[in-house]
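Student: Pasting a structure here, questions to come.
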Amino acid sequence: LPKAAQSEYHYPARVVLPAVEGPPQLAMSTSHAIFVYGTLKRGFTNYTRYLGVAETEGKAVFLGEATTTSRFPMTLRPPHLVPATNAPLLLDSEGVGEPVCGEVFEVDDSTLEAMDLLEGIRKGKYHRRNVQVRLHSGEEQVIDCGTYFFPPSEDLLTLPRLTTYGPEQHAIYSPSGPVKEEIRELCQRSHVFKPVKDLSSESLSVIGRPSFTSPRWLVAA
């Protein structure tokens with residue numbers, strides 16, 4: 001500014017955002033906890049293609065590794081089951097098998113929609129329902145998460161079982177096709193921030209700051 005105008009110009013005060021304690025949360029009005037046990041785990045194909053994209057965009061947050069509190073049978077997709085991807089199948093036969101290891105993510109609405117689309121929920125390939133998992137953290141919190149189940153059958157229940165899907169199993173995974181752009185776009189869709197209406201609050205002092213909400217999936221410590 002010219003020197004003559006500097007005395008009349010009021011510079012805005014520097015605003016410092018307050019520290020947010022606790023685990024990372026999404027800048028979203030709603031969020032969902034999901035438990036992933038196969039190719040959506042970090043470092044694997046569908047994480048790279050989709051869930052990792054959402055995490056980069058701030059639409060998914062990794063909460064930690066976890067194990068189901070109940071026993072479930074998990075196996076690899078057999079060659080006769082089209083498409084022959086060798087992907088892991090978590091069979092909805094609670095009480096059979098062993099507790100299953102995986103990872104927990106908190107995701108927004110459109111990322112959950114993307115995961116449903118990837119798993120073929122509308123086509124009846126998989127179904128999503130809630131399970132309880134125990135986080136591998138110091139406090140070992142038990143939380144309620146959605147996860148994806150494949151319908152059990154007699155032949156699938158006789159196959160060798162896994163408790164953890166790892167690099168050895170993923171080495172033989174064969175994706176059913178290239179990246180599905182419709183799913184990837186849902187993982188990239190811009191989220192909507194809630195504008196701040198009450199500027200009198202010290203903790204909400206910046207217009208346009210995201211509205212953080214506490215996730216409602218915590219059920220026990």
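In the structure tokens, chains take the letters A, B, ... in the order shown, each chain's residues start at 1, and ligands count up from 1 in the order shown.
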Skip Arg128 of chain A itself and residues of its chain fewer than 4 positions away, then list as a list in words all residues within 12 Å of it, counting only C-alpha atoms.
Tutor: Ala33, Ile34, Phe35, Val36, Leu90, Leu91, Asp92, Leu112, Glu113, Met115, Asp116, Leu117, Leu118, Glu119, Gly120, Ile121, Arg122, Gly124, Cys145, Gly146, Thr147, Tyr148, Phe149, Phe150 and Pro151 of chain A
Student: Report as a list in words: the residues of segment 93-179 of chain A with a DSSP assignment of strand (DSSP E), based on the backbone of this structure.
Tutor: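 So the strand (DSSP E) residues in segment 93-179 of chain A would be Cys101, Gly102, Glu103, Val104, Phe105, Glu106, Val107, His127, Arg128, Arg129, Asn130, Val131, Gln132, Val133, Arg134, Leu135, Val142, Ile143, Asp144, Cys145, Gly146, Thr147, Tyr148 and Phe149 of chain A.
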Student: Identify which of the residues A:Thr75, A:Thr85, A:Thr56, A:Thr68 lies closest to Val104 of chain A, counting only C-alpha atoms when measuring atom-to-atom distances.
Tutor: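 Smallest separation from Val104 of chain A among the options: A:Thr68.
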Student: Choose the residue, out of A:Phe105, A:Ala84, A:Ser176, A:Ser137, that has the smallest atom-to-atom separation from Tyr47 of chain A; count only C-alpha atoms.
Tutor: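 Nearest to Tyr47 of chain A: A:Phe105.
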Student: Mind giving me the straight-line distance from atom CA of Ser31 of chain A to atom CA of Asp108 of chain A in Å, one decimal?
Tutor: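 Pair atom CA of Ser31 of chain A / atom CA of Asp108 of chain A returns 4.7 Å.
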Student: Restricting the calculation to only C-alpha atoms: of A:Gln188, A:Asn130, A:Gln141, A:Thr67, which residue gets closest to Thr163 of chain A?
Tutor: A:Thr67
Student: A:Ser153, A:Ala114, A:Pro160, A:Tyr126: which is nearest Glu182 of chain A, counting only C-alpha atoms?
Tutor: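 Among the listed residues, the smallest separation from Glu182 of chain A belongs to A:Ala114.
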Student: Report, in Å with one decimal, the straight-line distance from atom CA of Arg49 of chain A to atom CA of Leu156 of chain A.
Tutor: 27.6 Å
Student: Report the distance between atom CA of Gly138 of chain A and atom CA of Arg42 of chain A in Å, rounded to one decimal place.
Tutor: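 About the pair atom CA of Gly138 of chain A and atom CA of Arg42 of chain A: they are 21.0 Å apart.
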Student: Restricting the calculation to only C-alpha atoms: of A:Asp155, A:Gly52, A:Gly166, A:Val131, which residue gets closest to His80 of chain A?
Tutor: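 That would be A:Asp155, the residue with the smallest distance to His80 of chain A.
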Student: Could you name the residues that touch Gln132 of chain A at 6 Å or less, counting only C-alpha atoms, but leaving out those on the same chain fewer than 3 positions away, as a PDB file with N, CA and C atoms, in the first residue's frame?
Tutor:
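The new file part00.pdb reads:
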```pdb
ATOM      1  N   THR A  68     -11.251 -58.744  14.507  1.00  0.00           N
ATOM      2  CA  THR A  68     -12.656 -58.945  14.858  1.00  0.00           C
ATOM      3  C   THR A  68     -12.756 -59.632  16.219  1.00  0.00           C
ATOM      4  N   THR A  69     -13.748 -59.253  17.003  1.00  0.00           N
ATOM      5  CA  THR A  69     -13.945 -59.893  18.300  1.00  0.00           C
ATOM      6  C   THR A  69     -14.598 -61.267  18.146  1.00  0.00           C
ATOM      7  N   ILE A 143     -14.643 -51.212  18.733  1.00  0.00           N
ATOM      8  CA  ILE A 143     -15.517 -50.319  17.980  1.00  0.00           C
ATOM      9  C   ILE A 143     -16.387 -51.106  17.019  1.00  0.00           C
ATOM     10  N   ASP A 144     -17.481 -50.505  16.617  1.00  0.00           N
ATOM     11  CA  ASP A 144     -18.444 -51.096  15.713  1.00  0.00           C
ATOM     12  C   ASP A 144     -18.156 -50.576  14.308  1.00  0.00           C
TER      13      ASP A 144
END
```
Student: With DSSP run on the backbone, what are the alpha helix (DSSP H) residues within segment 69-168 of chain A? I'd like them as a PDB file with N, CA and C atoms, in the first residue's frame.
Tutor:
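The result, stored in selection-v8.pdb:
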```
ATOM      1  N   ASP A 109     -19.305 -39.989   3.266  1.00  0.00           N
ATOM      2  CA  ASP A 109     -20.431 -40.607   2.574  1.00  0.00           C
ATOM      3  C   ASP A 109     -20.074 -41.123   1.187  1.00  0.00           C
ATOM      4  N   SER A 110     -19.426 -40.285   0.374  1.00  0.00           N
ATOM      5  CA  SER A 110     -19.161 -40.689  -1.001  1.00  0.00           C
ATOM      6  C   SER A 110     -18.090 -41.778  -1.084  1.00  0.00           C
ATOM      7  N   THR A 111     -17.160 -41.800  -0.124  1.00  0.00           N
ATOM      8  CA  THR A 111     -16.174 -42.885  -0.106  1.00  0.00           C
ATOM      9  C   THR A 111     -16.847 -44.198   0.285  1.00  0.00           C
ATOM     10  N   LEU A 112     -17.784 -44.145   1.220  1.00  0.00           N
ATOM     11  CA  LEU A 112     -18.543 -45.359   1.556  1.00  0.00           C
ATOM     12  C   LEU A 112     -19.333 -45.835   0.340  1.00  0.00           C
ATOM     13  N   GLU A 113     -19.915 -44.906  -0.393  1.00  0.00           N
ATOM     14  CA  GLU A 113     -20.627 -45.257  -1.621  1.00  0.00           C
ATOM     15  C   GLU A 113     -19.688 -45.925  -2.621  1.00  0.00           C
ATOM     16  N   ALA A 114     -18.455 -45.414  -2.705  1.00  0.00           N
ATOM     17  CA  ALA A 114     -17.458 -45.996  -3.605  1.00  0.00           C
ATOM     18  C   ALA A 114     -17.108 -47.419  -3.189  1.00  0.00           C
ATOM     19  N   MET A 115     -16.938 -47.648  -1.888  1.00  0.00           N
ATOM     20  CA  MET A 115     -16.617 -48.986  -1.414  1.00  0.00           C
ATOM     21  C   MET A 115     -17.772 -49.961  -1.673  1.00  0.00           C
ATOM     22  N   ASP A 116     -19.002 -49.487  -1.482  1.00  0.00           N
ATOM     23  CA  ASP A 116     -20.172 -50.322  -1.776  1.00  0.00           C
ATOM     24  C   ASP A 116     -20.219 -50.700  -3.247  1.00  0.00           C
ATOM     25  N   LEU A 117     -19.886 -49.740  -4.103  1.00  0.00           N
ATOM     26  CA  LEU A 117     -19.888 -49.983  -5.538  1.00  0.00           C
ATOM     27  C   LEU A 117     -18.787 -50.967  -5.918  1.00  0.00           C
ATOM     28  N   LEU A 118     -17.618 -50.804  -5.319  1.00  0.00           N
ATOM     29  CA  LEU A 118     -16.496 -51.701  -5.583  1.00  0.00           C
ATOM     30  C   LEU A 118     -16.840 -53.136  -5.193  1.00  0.00           C
ATOM     31  N   GLU A 154     -21.333 -74.379   1.095  1.00  0.00           N
ATOM     32  CA  GLU A 154     -20.654 -75.577   1.603  1.00  0.00           C
ATOM     33  C   GLU A 154     -19.247 -75.714   1.047  1.00  0.00           C
ATOM     34  N   ASP A 155     -19.091 -75.485  -0.260  1.00  0.00           N
ATOM     35  CA  ASP A 155     -17.756 -75.658  -0.848  1.00  0.00           C
ATOM     36  C   ASP A 155     -16.786 -74.586  -0.368  1.00  0.00           C
ATOM     37  N   LEU A 156     -17.267 -73.350  -0.185  1.00  0.00           N
ATOM     38  CA  LEU A 156     -16.383 -72.289   0.302  1.00  0.00           C
ATOM     39  C   LEU A 156     -15.959 -72.535   1.747  1.00  0.00           C
ATOM     40  N   LEU A 157     -16.841 -73.114   2.533  1.00  0.00           N
ATOM     41  CA  LEU A 157     -16.523 -73.359   3.940  1.00  0.00           C
ATOM     42  C   LEU A 157     -15.523 -74.500   4.124  1.00  0.00           C
ATOM     43  N   PRO A 167       1.051 -60.006   2.089  1.00  0.00           N
ATOM     44  CA  PRO A 167       1.749 -59.902   0.799  1.00  0.00           C
ATOM     45  C   PRO A 167       1.823 -61.230   0.042  1.00  0.00           C
ATOM     46  N   GLU A 168       1.959 -62.328   0.760  1.00  0.00           N
ATOM     47  CA  GLU A 168       2.051 -63.628   0.098  1.00  0.00           C
ATOM     48  C   GLU A 168       0.761 -63.947  -0.668  1.00  0.00           C
TER      49      GLU A 168
END
```
